[in-house]
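*Asks:* This is the structure I want to talk about, given as structure tokens.
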2 protein chains.
Amino acid sequence: MTATIGELTLDTIHQMDVNDGLKDLPESSIDLIIADPPYGINYRSGSRKRKFTTIRNDDTIMADWLTDAHRVLKDGGALYCYTRWDVYAEWYNRISQHFTIKNCIIWHKNGGGMGDLRGAYSPAHEFLIYAVKGRHILKGKRISDVWQVPRDPGATYVHPTQKPVKLAEMIIEKSSEPVDIVLVPFCGSGGDCVAAKKLGRRFIAFDVEQQYIDAANGRLAEAA
Amino acid sequence: MTATIGELTLDTIHQMDVNDGLKDLPESSIDLIIADPPYGINYRSGSRKRKFTTIRNDDTIMADWLTDAHRVLKDGGALYCYTRWDVYAEWYNRISQHFTIKNCIIWHKNGGGMGDLRGAYSPAHEFLIYAVKGRHILKGKRISDVWQVPRDPGATYVHPTQKPVKLAEMIIEKSSEPVDIVLVPFCGSGGDCVAAKKLGRRFIAFDVEQQYIDAANGRLAEAA
DNA sequence: ATGTCGTTTGAATCCCGCA
DNA sequence: CTGCGGGATTCAAACGACA
């Protein structure tokens with residue numbers, strides 16, 4: 001027998017658009033949401049050998065899902081949403097329409113990025129907006145809002161904007177308990193699901209691209 | 001003989017409102033601007049022993065000065081403006097109306113802050129928006145957009161929101177050359193002026209509070 | 001120099017009383 | 001009931017004193 005919420009099986013990556021997927025989830029059924037949406041900047045992997053195609057739905061800020069995300073999240077639950085300094089203003093405004101934003105966590109990654117080599121500083125961070133519905137208490141001892149976590153080695157990337165599993169582990173440990181249900185609206189490389197599995201949480205994930213779902217399922221199988 | 005630009009003497013902290021002060025400066029007369037405006041958050045110095053009064057003009061986002069700041073800055077000059085994650089969206093939008101924003105630098109400070117001790121992460125960073133007029137080239141070797149610099153020890157504070165001189169030194173070295181003129185619209189503790197003086201730049205600074213001007217002049221004299 | 005322990009502090013936020 | 005204002009509070013990192 002497989003556990004489900006609404007119509008959807010748990011611990012599964014569903015090949016669905018977020019907006020459709022969220023419609024199938026009941027109100028207040030989710031403990032934690034970890035979202036790594038398309039940043040809305042038409043991202044193209046900058047590496048020489050164009051390993052990936054352009055990300056779908058990445059030309060405009062896509063934030064409709066936030067309404068349903070708020071609905072399905074339990075009172076006292078948390079939302080973590082990755083973003084970047086140049087689109088932060090948009091995301092900040094949209095998220096704060098539904099949630100209470102508590103922190104902007106800095107993911108301080110090692111190494112540098114490319115970009116304008118002479119007229120800009122080397123990009124070494126991304127943002128992680130931490131927001132809550134009602135009152136959410138963080139577990140364990142108090143930690144700072146700057147997280148130094150190295151990137152995954154480039155060769156191991158299965159997705160162009162892959163985040164380290166370590167980040168997802170930190171989020172899950174601070175903001176959920178075992179057996180809690182973690183919603184992953186944009187599954188991508190599946191790192192959030194891997195972390196949930198490792199830490200004994202259940203998850204429900206969505207992605208539209210079958211190739212990434214396959215890659216993520218591969219990583220989940222390895223983590224078993 | 002004292003050097004001046006417009007009606008104002010150089011290497012001096014003028015007891016003036018920024019908007020009035022900037023009116024006295026000619027177009028394209030400034031090489032670099034370092035701004036630490038009131039964030040618009042009604043900050044009350046949170047320490048036990050209320051050493052400082054509240055900050056003037058901190059009840060609203062005050063951004064009129066940006067228009068004149070753009071006018072007085074040379075083409076190819078840079079603006080650095082401190083802000084914080086919860087008002088960043090406002091400042092980002094206003095600055096980008098006049099300048100091209102190139103980076104959001106993270107000042108990663110040591111220690112933590114107070115705040116919501118159980119429901120939020122410990123605040124350990126502030127933002128520094130780096131923006132340009134035209135094409136600005138950073139000097140020296142490429143560095144990252146995360147700057148780890150310890151705070152000044154609290155006991156040495158002469159202003160409630162004092163920034164380390166080290167930060168100003170980094171800004172000045174990356175974005176100006178000797179003898180260049182640095183504009184400091186909100187002088188505060190005078191750290192930016194001290195850095196300019198140490199590095200052989202000239203400066204022109206404004207502040208409305210005579211007590212902070214006196215304190216800043218004290219620090220300048222020490223740095224001599 | 002290295003280690004332990006006690007003290008201090010932070011661009012807070014919560015929460016209560018009062019208007 | 002909402003809005004404002006001031007006091008109380010809390011933790012980990014940094015610092016200083018001392019062994």
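Identifiers in the structure tokens: chain A, B, ... in order shown; residue index from 1 per chain; ligand index from 1 in order shown.
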Determine, for each residue of chain B having at least one atom at most 9 Å from an atom of chain D, the closest pair of atoms and their separation in Å to one decimal, counting only C-alpha atoms (C1' of nucleotides); order by chain and ascending number, as CSV.

*Replies:*
residue,atom,partner,partner_atom,distance
B:Asn110,CA,D:DA13,C1',7.6
B:Gly111,CA,D:DA13,C1',4.8
B:Gly112,CA,D:DA13,C1',6.8
B:Met114,CA,D:DT10,C1',7.6
B:Gly115,CA,D:DT10,C1',8.6
B:Asp116,CA,D:DT10,C1',8.4
B:Leu117,CA,D:DT10,C1',5.9
B:Arg118,CA,D:DT10,C1',8.3
B:Ser122,CA,D:DA12,C1',8.8

*Asks:* Excluding range 39-46 of chain B and its own-chain neighbours fewer than 2 positions away, which residues fall within 6 Å of it when counting only C-alpha atoms (C1' of nucleotides)? Please give them as a ChimeraX atom specification.

*Replies:* /B:37,54,58-61

*Asks:* Restricting the output to C-alpha atoms, write the selected residues as a tab-separated table (two decimals), in the first residue's frame.

*Replies:*
chain	number	residue	atom	x	y	z
B	37	PRO	CA	21.45	56.30	4.45
B	54	THR	CA	17.01	57.18	17.34
B	58	ASP	CA	14.65	56.84	9.62
B	59	ASP	CA	10.87	56.59	9.47
B	60	THR	CA	10.56	56.56	5.69
B	61	ILE	CA	12.70	55.49	2.76

*Asks:* Compare A:Ala89, A:Ile204, A:Leu138, A:Val149 by their minimum atom-to-atom distance to Ile106 in chain A, counting only C-alpha atoms, and give me the closest one.

*Replies:*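 Looking at the shortest contact to Ile106 in chain A, the residue is A:Val149.
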
*Asks:* Distance limit 6 Å, atoms considered: only C-alpha atoms (C1' of nucleotides). Which chain C residues sit that close to chain B? Return them as a list in words.

*Replies:*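 Taken together, these residues fit the definition: DG10, DA11, DA12 and DT13 of chain C.
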
*Asks:* CA of Cys193 in chain A to CA of Tyr88 in chain A: how many Å, to one decimal?

*Replies:*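 Computing it gives 24.7 Å between the two atoms.
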
*Asks:* Can you pull out the residues contacting His108 in chain A? Cut-off 6 Å, using only C-alpha atoms (C1' of nucleotides), and skip same-chain residues under 6 positions away; I want them as a list in words.

*Replies:*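 Using only C-alpha atoms (C1' of nucleotides), the neighbours found are His125, Trp147 and Gln148 of chain A.
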
*Asks:* Can I get the selected residues back with N, CA, C and O atoms, as a JSON list (two decimals), in the first residue's frame?

*Replies:*
[["chain", "number", "residue", "atom", "x", "y", "z"],
["A", 125, "HIS", "N", 27.34, 34.18, -4.17],
["A", 125, "HIS", "CA", 26.23, 33.90, -3.25],
["A", 125, "HIS", "C", 24.91, 33.80, -3.99],
["A", 125, "HIS", "O", 24.77, 34.31, -5.11],
["A", 147, "TRP", "N", 25.10, 31.01, 5.27],
["A", 147, "TRP", "CA", 25.42, 29.58, 5.22],
["A", 147, "TRP", "C", 26.54, 29.33, 4.22],
["A", 147, "TRP", "O", 26.35, 29.48, 3.02],
["A", 148, "GLN", "N", 27.68, 28.94, 4.74],
["A", 148, "GLN", "CA", 28.79, 28.63, 3.84],
["A", 148, "GLN", "C", 28.76, 27.16, 3.50],
["A", 148, "GLN", "O", 29.10, 26.32, 4.33]]

*Asks:* Between A:Ser29, A:Thr9, A:Ser96, A:Thr67, which is the closest to chain B once you count only C-alpha atoms?

*Replies:*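 Comparing A:Ser29, A:Thr9, A:Ser96, A:Thr67 against chain B, the winner is A:Ser96.
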